[in-house]
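**Student:** Once you've had a glance at the structure underneath, I'll fire off some questions.
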Amino acid sequence: MNSWRVLTSVRLVRLASAPVCQTTAPGTLLVTRNGSTKASFAKNNDKQNNKNGQNNNNGQKAAIALASAAALALKVYYDQEGISLQAQTEDEDFAHENRVRMYMAPDKIFNYFASFQLISGSGQETSSVGADRKTMMMTPMDFYSAITPDCTLAHGVGAGAHVDVTEAEVAENKFYMEKSPIQGSILNEIGAAGLLSYSDFCFLLTMLSTPQRYIDTAFNLFDVTGDGNIEAKEFAYVSTKMAHKTGGFGSYTNLDQEDILASSSGLLNYLFGKDRKKSINREDIKKLQIDLLEEIIQLEFSEYDKDGSGRISESDLCKFLLKNTKIPPKKQAAMLKRVEKIWPSKARGISLPSFKNLFYVLAGGAELERALFFLDVEGIGVDIEEFRKISSWVSHSELSDHVAKVLFALLDDDGDGRFFKEEIGAVIFDWRQSRGFEKGSLHVSMGQLRI
C-alpha cells in the first residue's frame with residue numbers, strides 16, 4: 001500500500017489539534033498525497049480558536065496516537081490483503097507540485113517531498129536541553145517525485161507532514177518505504193542503505209543535471225586533495241558546502257563534519273560504507289551518474305508504457321515534452337492535434353532507447369542551445385538533419401529519425417521544416433527548469449561565458 005494514506009491521516013489530526021501558530025496559515029489549502037483531502041482554515045478560523053482554548057495537551061496527544069494507530073492498522077490491513085491503492089490526484093494537485101519544483105528553493109523542495117523525520121538518539125521526544133536531533137529525510141522514490149513533473153508513482157506530502165522513524169528502525173529496515181519497480185534499481189540499493197539527507201538530495205540533483213561532458217569537472221571539485229579518489233571526509237565537506245543556503249525552510253548546515261560522517265545518510269553508507277573507510281574514483285562517479293539517469297528515464301517511460309510493451313505512442317512522447325511548460329493549454333491541444341493527425345494511434349511508436357536518447361539531449365540544457373546558435377550563425381534556422389547532428393553533439397548518441405520527425409511535427413508551427421529558437425525554446429530549452437535542474441547543475445564561468 002502507498003504510504004501517503006498513513007501520512008495524510010497523521011498530518012490531518014496533527015494540524016487539527018495543534019495550536020493556531022503551528023497550523024497552516026488561514027486561507028491556504030492543505031495539499032497532501034490524497035488529492036481529494038483539502039481543508040480551508042479561513043472559513044473556520046474563529047471556530048478553531050475557540051476549540052484550541054478548550055483542548056489540553058493530553059487530548060492532543062491522545063488524538064495523535066489514535067489517528068496514528070488507525071492509519072497504521074489501515075496500512076497493515078491493505079498490505080496483508082495485497083490490495084494496491086493509487087492516489088486519485090487531481091490536476092490542480094499536479095499543478096501545485098509542479099510549481100514547487102519550478103519555483104521553490106532546493107531546501108523547500110526537499111521539505112515538501114521528504115516524507116520521514118529521522119530521530120537520532122533514543123527516539124523519545126523530550127523538551128530537555130539534550131533533546132534528540134530530528135532531521136527531515138526522504139526516500140529514493142521521494143527524490144524521483146521531487147524532480148519529475150506530473151509524477152504518478154509518488155507524490156509530495158507537503159512541508160511539515162512526515163512519519164517519525166528512529167536510527168535503529170532505519171538500520172534494521174523496520175519501516176515501510178516505497179520502492180522503485182525497476183529491476184536492479186540503484187535507487188533501491190541506496191534506499192536499502194538508508195534514507196536521503198538534504199545534502200544527499202543536492203548531490204544527486206547535481207549528478208542528474210550536470211551534462212556528462214562536465215562530470216570530470218564535478219569530480220575534481222569533490223577531490224579536494226587531488227589524489228584521484230574521493231574519501232568520505234572530502235565528500236561530506238564539499239556536499240555540505242554545496243547544499244548550504246542561508247534562510248529558507250529549515251537549516252541544514254549546523255552540523256560539523258563529525259556529525260555528518262556519523263549520520264544515517266543512505267548515500268554515504270552506499271558510497272563509503274557504514275565505517276566510512278571506502279573511497280570512490282572518477283569511474284565510480286561516472287557510473288553513478290549513468291545508473292541514476294538510466295533509472296530515472298526508465299521510470300518516466302514506464303509512466304506512459306502502461307501495458308509494458310516497450311513502446312509508447314507519438315502522442316505520449318509529446319505529452320512528456322509539453323507537461324509543465326508555459327504554453328497555454330489551447331495551444332498545447334492544437335500542437336497535439338497536429339501530431340495525432342499524422343500518427344493517430346501507436347503505429348511505429350517510440351521505443352525506450354529512442355526515448356532515452358531524447359532525454360539525454362534535453363538534459364544537455366544550455367549545451368543544446370549553444371550548439372544550435374553555433375551551427376545557425378546565419379539565423380535561418382536548422383533543418384531536421386542539422387538538428388539531429390546538434391543532438392548527437394550534446395548526447396553523444398544518435399537521435400532517432402522518427403523522434404526527430406515527431407519533434408518537428410509538434411514544434412514547427414509554420415511547417416517550413418526548420419527550427420528556430422522562438423519555436424522550440426518554450427519546450428526544449430525550458431525542459432530542465434520544470435525539473436529544478438537549473439538549481440543543482442554545475443555552472444562553469446570563463447570571462448563573460450557562463451555555461
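Chain identifiers are assigned as A, B, and so on, following the order in which chains appear in the C-alpha cells; residues are numbered from 1 within each chain, and ligands are numbered from 1 in order of appearance.
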Which polymer residues have any atom within 9 Å of an atom of A:Ser264, counting only C-alpha atoms, with same-chain residues fewer than 4 positions away left out, as JSON, numbers by chain?
**Tutor:** {"A": [118, 120, 167, 170, 171, 193, 194, 195, 196, 197, 260, 268, 269, 274]}
**Student:** Identify, on the basis of only C-alpha atoms, every residue whose closest approach to A:Lys337 does not exceed 12 Å; exclude the query and any residue fewer than 5 positions from it along the same chain; express the result as a list in words.
**Tutor:**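 Final neighbour list, sorted by chain and number: Glu314, Ser315, Cys318, Lys319, Lys330, Lys331, Gln332, Ile342, Trp343, Pro344, Ser345, Ala409, Leu410 and Leu411 of chain A.
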**Student:** Keeping only all heavy atoms, write the selected residues as a short mmCIF file (atom, residue, chain, number, x, y, z; two decimals), in the first residue's frame.
**Tutor:**
```
data_model
loop_
_atom_site.label_atom_id
_atom_site.label_comp_id
_atom_site.auth_asym_id
_atom_site.auth_seq_id
_atom_site.Cartn_x
_atom_site.Cartn_y
_atom_site.Cartn_z
N GLU A 314 3.40 8.26 -30.19
CA GLU A 314 3.96 9.56 -30.52
C GLU A 314 3.28 10.67 -29.70
O GLU A 314 3.92 11.64 -29.29
CB GLU A 314 3.79 9.84 -32.01
CG GLU A 314 4.66 9.00 -32.93
CD GLU A 314 4.13 7.58 -33.14
OE1 GLU A 314 3.03 7.28 -32.65
OE2 GLU A 314 4.82 6.77 -33.79
N SER A 315 1.98 10.49 -29.46
CA SER A 315 1.24 11.46 -28.66
C SER A 315 1.75 11.48 -27.22
O SER A 315 1.88 12.55 -26.61
CB SER A 315 -0.25 11.13 -28.67
OG SER A 315 -0.98 12.02 -27.86
N CYS A 318 4.90 13.46 -26.95
CA CYS A 318 4.64 14.90 -26.98
C CYS A 318 4.09 15.39 -25.64
O CYS A 318 4.43 16.49 -25.20
CB CYS A 318 3.65 15.23 -28.10
SG CYS A 318 4.32 14.90 -29.76
N LYS A 319 3.28 14.58 -25.00
CA LYS A 319 2.77 14.95 -23.68
C LYS A 319 3.90 15.01 -22.67
O LYS A 319 3.92 15.87 -21.78
CB LYS A 319 1.70 13.94 -23.23
CG LYS A 319 0.42 14.02 -24.04
CD LYS A 319 -0.55 12.90 -23.65
CE LYS A 319 -1.80 12.94 -24.54
NZ LYS A 319 -2.72 11.80 -24.25
N LYS A 330 -4.70 25.79 -24.69
CA LYS A 330 -5.34 25.78 -26.01
C LYS A 330 -4.32 25.52 -27.12
O LYS A 330 -4.57 24.75 -28.04
CB LYS A 330 -6.06 27.11 -26.25
CG LYS A 330 -6.93 27.13 -27.50
CD LYS A 330 -7.72 28.42 -27.59
CE LYS A 330 -8.61 28.43 -28.84
NZ LYS A 330 -9.39 29.70 -28.93
N LYS A 331 -3.16 26.16 -26.99
CA LYS A 331 -2.12 25.95 -28.00
C LYS A 331 -1.54 24.55 -27.90
O LYS A 331 -1.24 23.91 -28.91
CB LYS A 331 -1.00 26.99 -27.84
CG LYS A 331 0.06 26.88 -28.92
CD LYS A 331 1.12 27.98 -28.81
CE LYS A 331 2.15 27.81 -29.93
NZ LYS A 331 3.20 28.85 -29.86
N GLN A 332 -1.40 24.05 -26.67
CA GLN A 332 -0.91 22.68 -26.50
C GLN A 332 -1.83 21.68 -27.19
O GLN A 332 -1.38 20.74 -27.84
CB GLN A 332 -0.80 22.35 -25.00
CG GLN A 332 0.35 22.99 -24.29
CD GLN A 332 0.55 22.42 -22.90
OE1 GLN A 332 0.39 21.22 -22.67
NE2 GLN A 332 0.89 23.27 -21.94
N ILE A 342 -1.09 12.99 -37.86
CA ILE A 342 -0.10 12.22 -38.63
C ILE A 342 0.01 10.81 -38.10
O ILE A 342 0.09 9.84 -38.86
CB ILE A 342 1.27 12.93 -38.56
CG1 ILE A 342 1.16 14.36 -39.07
CG2 ILE A 342 2.32 12.16 -39.37
CD1 ILE A 342 2.44 15.17 -38.90
N TRP A 343 0.02 10.67 -36.75
CA TRP A 343 0.11 9.34 -36.12
C TRP A 343 -1.10 9.17 -35.21
O TRP A 343 -1.04 9.42 -34.01
CB TRP A 343 1.39 9.24 -35.31
CG TRP A 343 2.64 9.36 -36.14
CD1 TRP A 343 3.21 8.40 -36.92
CD2 TRP A 343 3.48 10.52 -36.28
NE1 TRP A 343 4.34 8.88 -37.54
CE2 TRP A 343 4.54 10.17 -37.16
CE3 TRP A 343 3.45 11.81 -35.75
CZ2 TRP A 343 5.54 11.08 -37.51
CZ3 TRP A 343 4.44 12.70 -36.10
CH2 TRP A 343 5.46 12.34 -36.97
N PRO A 344 -2.23 8.75 -35.75
CA PRO A 344 -3.48 8.67 -34.98
C PRO A 344 -3.47 7.65 -33.85
O PRO A 344 -4.26 7.74 -32.92
CB PRO A 344 -4.53 8.31 -36.04
CG PRO A 344 -3.75 7.68 -37.14
CD PRO A 344 -2.42 8.34 -37.16
N SER A 345 -2.61 6.66 -33.93
CA SER A 345 -2.53 5.65 -32.87
C SER A 345 -1.08 5.21 -32.76
O SER A 345 -0.22 5.68 -33.49
CB SER A 345 -3.44 4.46 -33.17
OG SER A 345 -3.06 3.84 -34.39
N ALA A 409 7.00 17.84 -36.15
CA ALA A 409 5.54 17.93 -36.28
C ALA A 409 4.93 18.69 -35.11
O ALA A 409 3.96 19.45 -35.27
CB ALA A 409 4.94 16.54 -36.37
N LEU A 410 5.51 18.53 -33.92
CA LEU A 410 4.99 19.18 -32.72
C LEU A 410 5.36 20.65 -32.64
O LEU A 410 4.52 21.50 -32.31
CB LEU A 410 5.51 18.45 -31.48
CG LEU A 410 5.09 19.02 -30.12
CD1 LEU A 410 3.61 18.79 -29.87
CD2 LEU A 410 5.92 18.41 -29.00
N LEU A 411 6.61 20.98 -32.97
CA LEU A 411 7.14 22.31 -32.67
C LEU A 411 7.27 23.23 -33.87
O LEU A 411 7.42 24.45 -33.70
CB LEU A 411 8.50 22.18 -31.98
CG LEU A 411 8.52 21.35 -30.69
CD1 LEU A 411 9.95 21.21 -30.17
CD2 LEU A 411 7.64 21.99 -29.63
#
```
**Student:** Smallest atom-to-atom distance to A:Glu234: which of A:Gln117, A:Ser279, A:Asn98, A:Thr206, using only C-alpha atoms?
**Tutor:**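 Going through A:Gln117, A:Ser279, A:Asn98, A:Thr206 one by one, the smallest distance to A:Glu234 is for A:Ser279.
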**Student:** Skipping near chain neighbours, those fewer than 5 positions away, what residues fall within 9 Å of A:Trp431 using only C-alpha atoms, listed as an NGL selection string?
**Tutor:** :A and (321-322 or 324-325 or 362-363 or 365 or 425-426 or 437)
**Student:** Mind dumping the selected residues with N, CA and C atoms as a CSV table (one decimal), in the first residue's frame?
**Tutor:**
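And here is the file that came out, again-v4.csv:
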```csv
chain,number,residue,atom,x,y,z
A,321,LEU,N,6.9,15.9,-23.4
A,321,LEU,CA,7.6,17.2,-23.7
A,321,LEU,C,6.8,18.4,-23.2
A,322,LEU,N,5.5,18.3,-23.3
A,322,LEU,CA,4.7,19.5,-23.1
A,322,LEU,C,4.3,19.7,-21.6
A,324,ASN,N,4.1,20.6,-17.9
A,324,ASN,CA,4.6,21.7,-17.1
A,324,ASN,C,5.3,22.8,-17.9
A,325,THR,N,5.0,22.9,-19.2
A,325,THR,CA,5.5,24.0,-20.0
A,325,THR,C,4.6,25.2,-19.7
A,362,LEU,N,17.7,16.5,-24.0
A,362,LEU,CA,17.0,17.5,-23.2
A,362,LEU,C,17.8,17.9,-22.0
A,363,ALA,N,18.4,16.9,-21.4
A,363,ALA,CA,19.2,17.1,-20.2
A,363,ALA,C,20.5,17.9,-20.4
A,365,GLY,N,20.6,20.8,-21.8
A,365,GLY,CA,20.3,22.2,-21.4
A,365,GLY,C,21.0,23.2,-22.3
A,425,GLY,N,12.1,27.1,-28.0
A,425,GLY,CA,12.6,27.5,-26.6
A,425,GLY,C,11.7,27.1,-25.5
A,426,ALA,N,10.4,27.3,-25.7
A,426,ALA,CA,9.5,27.1,-24.6
A,426,ALA,C,9.4,25.6,-24.2
A,437,PHE,N,16.4,21.3,-12.4
A,437,PHE,CA,17.7,21.0,-12.8
A,437,PHE,C,18.7,22.2,-12.7
```
**Student:** Which parts of stretch 157-272 of chain A does DSSP call helix (DSSP H, G or I) when run on the backbone here, written out as a ChimeraX atom specification?
**Tutor:** /A:167-171,186-193,198-209,212-222,232-243,257-261,266-272
**Student:** Do you have the atom CA of A:Val403-atom CA of A:Leu358 distance handy?
**Tutor:** 7.8 Å
**Student:** So the first atom is atom CA of A:Met177 and the second is atom CA of A:Ala192; what is the distance between them in Å, to one decimal place?
**Tutor:** 9.6 Å
**Student:** Can you pull out every residue within 7 Å of A:Ser395, counting only C-alpha atoms, but drop anything in the same chain fewer than 3 positions away, and send it as a list in words?
**Tutor:**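 Answer for this query is Asn357, Tyr360, Val361, Ser391 and Ser392 of chain A.
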**Student:** Could you give me, as a CSV table (one decimal) with C-alpha atoms, in the first residue's frame, the residues within 10 Å of A:Cys151, counting only C-alpha atoms and dropping anything in the same chain fewer than 4 positions from it?
**Tutor:**
```csv
chain,number,residue,atom,x,y,z
A,94,PHE,CA,-0.2,18.1,-10.1
A,97,GLU,CA,3.6,20.1,-7.1
A,98,ASN,CA,4.9,21.4,-10.5
A,144,TYR,CA,12.2,10.8,-8.0
A,145,SER,CA,9.0,12.6,-7.3
A,146,ALA,CA,10.8,15.8,-6.4
A,147,ILE,CA,12.4,16.0,-9.9
A,155,HIS,CA,3.6,12.4,-4.5
A,156,GLY,CA,4.8,15.1,-2.2
A,299,LEU,CA,10.7,5.2,-14.6
A,300,GLU,CA,9.4,8.1,-16.7
A,303,GLU,CA,4.5,6.0,-16.6
```
**Student:** Near A:Ile182, counting only C-alpha atoms, which residues have an atom at most 9 Å away, once you skip same-chain residues fewer than 2 positions from it, shown as an mmCIF file with C-alpha atoms, in the first residue's frame?
**Tutor:**
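Result saved to around-v4.cif:
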```
data_model
loop_
_atom_site.group_PDB
_atom_site.id
_atom_site.type_symbol
_atom_site.label_atom_id
_atom_site.label_comp_id
_atom_site.auth_asym_id
_atom_site.auth_seq_id
_atom_site.Cartn_x
_atom_site.Cartn_y
_atom_site.Cartn_z
ATOM 1 C CA LYS A 179 10.483 1.093 -3.834
ATOM 2 C CA SER A 180 11.302 1.562 -7.474
ATOM 3 C CA GLY A 184 18.375 -3.871 -10.415
ATOM 4 C CA SER A 185 17.359 -0.406 -9.213
ATOM 5 C CA ILE A 186 20.166 1.814 -7.924
ATOM 6 C CA ASN A 188 16.516 0.722 -4.163
ATOM 7 C CA GLU A 295 16.692 4.507 -13.946
ATOM 8 C CA GLN A 298 13.020 4.039 -17.335
ATOM 9 C CA LEU A 299 10.683 5.210 -14.573
#
```
**Student:** Set the distance at 7 Å and use only C-alpha atoms: which residues neighbour stretch 347-352 of chain A once local chain neighbours fewer than 2 positions away are removed? I'd like the list as a list in words.
**Tutor:**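 Once the adjacent positions are removed, what remains is Phe301, Gly310, Arg311, Ile312, Ser313, Glu314, Trp343, Ser345, Ser354, Phe355 and Lys356 of chain A.
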**Student:** Please measure the separation of atom CA of A:Arg435 and atom CA of A:Arg101, giving the value in Å to one decimal.
**Tutor:**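 These atoms are spaced 5.9 Å apart.
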**Student:** Per residue of stretch 168-228 of chain A within 9 Å of stretch 236-241 of chain A, note the shortest atom pair and the distance in Å to one decimal, counting only C-alpha atoms, and order the rows by chain and increasing residue number, as JSON lines.
**Tutor:**
```
{"residue": "A:Tyr198", "atom": "CA", "partner": "A:Thr240", "partner_atom": "CA", "distance": 9.0}
{"residue": "A:Ser199", "atom": "CA", "partner": "A:Ser239", "partner_atom": "CA", "distance": 5.8}
{"residue": "A:Asp200", "atom": "CA", "partner": "A:Ser239", "partner_atom": "CA", "distance": 7.6}
{"residue": "A:Cys202", "atom": "CA", "partner": "A:Ser239", "partner_atom": "CA", "distance": 7.6}
{"residue": "A:Phe203", "atom": "CA", "partner": "A:Ser239", "partner_atom": "CA", "distance": 6.4}
{"residue": "A:Leu221", "atom": "CA", "partner": "A:Val238", "partner_atom": "CA", "distance": 7.7}
{"residue": "A:Phe222", "atom": "CA", "partner": "A:Val238", "partner_atom": "CA", "distance": 6.0}
{"residue": "A:Asp223", "atom": "CA", "partner": "A:Val238", "partner_atom": "CA", "distance": 9.0}
{"residue": "A:Val224", "atom": "CA", "partner": "A:Val238", "partner_atom": "CA", "distance": 8.3}
```
**Student:** Closest to A:Ala114 among A:Asp414, A:Phe201, A:Arg133, A:Lys174, using only C-alpha atoms?
**Tutor:** A:Phe201
**Student:** List every residue of stretch 184-325 of chain A that DSSP, applied to the backbone of this structure, assigns to strand (DSSP E), and report them as a PyMOL selection string.
**Tutor:** chain A and resi 229-231+279-281+311-312
**Student:** Those residues you just picked out, can you put them in a file as a short mmCIF file (atom, residue, chain, number, x, y, z; two decimals), in the first residue's frame with N, CA, C and O atoms?
**Tutor:**
```cif
data_model
loop_
_atom_site.label_atom_id
_atom_site.label_comp_id
_atom_site.auth_asym_id
_atom_site.auth_seq_id
_atom_site.Cartn_x
_atom_site.Cartn_y
_atom_site.Cartn_z
N ASN A 229 41.00 10.16 -5.87
CA ASN A 229 39.97 9.44 -5.12
C ASN A 229 39.21 10.42 -4.22
O ASN A 229 39.79 11.41 -3.75
N ILE A 230 37.93 10.12 -3.98
CA ILE A 230 37.13 10.93 -3.06
C ILE A 230 36.88 10.10 -1.82
O ILE A 230 36.31 9.01 -1.89
N GLU A 231 37.32 10.61 -0.69
CA GLU A 231 37.08 9.95 0.58
C GLU A 231 35.84 10.55 1.25
O GLU A 231 35.35 11.60 0.85
N SER A 279 36.49 4.47 -0.55
CA SER A 279 36.66 5.69 -1.34
C SER A 279 36.12 5.42 -2.74
O SER A 279 35.95 4.26 -3.15
N ILE A 280 35.85 6.47 -3.49
CA ILE A 280 35.34 6.32 -4.85
C ILE A 280 36.25 7.08 -5.80
O ILE A 280 36.86 8.09 -5.43
N ASN A 281 36.33 6.60 -7.04
CA ASN A 281 37.18 7.24 -8.03
C ASN A 281 36.34 7.85 -9.15
O ASN A 281 35.11 7.85 -9.11
N ARG A 311 7.06 0.22 -25.88
CA ARG A 311 6.89 1.35 -26.80
C ARG A 311 5.77 2.25 -26.29
O ARG A 311 4.81 1.77 -25.66
N ILE A 312 5.91 3.53 -26.57
CA ILE A 312 4.84 4.48 -26.26
C ILE A 312 4.42 5.17 -27.55
O ILE A 312 5.16 5.15 -28.54
#
```
**Student:** Under the rule that only C-alpha atoms are counted, which of A:Val394, A:Leu204, A:Ala218, A:Val377 is the nearest residue to A:Leu288?
**Tutor:** A:Leu204
**Student:** Using only C-alpha atoms, can you tell me which of A:Asp227, A:Ile390, A:Glu423, A:Gly158 comes closest to A:Ile327?
**Tutor:**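 Of A:Asp227, A:Ile390, A:Glu423, A:Gly158, the one nearest A:Ile327 is A:Glu423, counting only C-alpha atoms.
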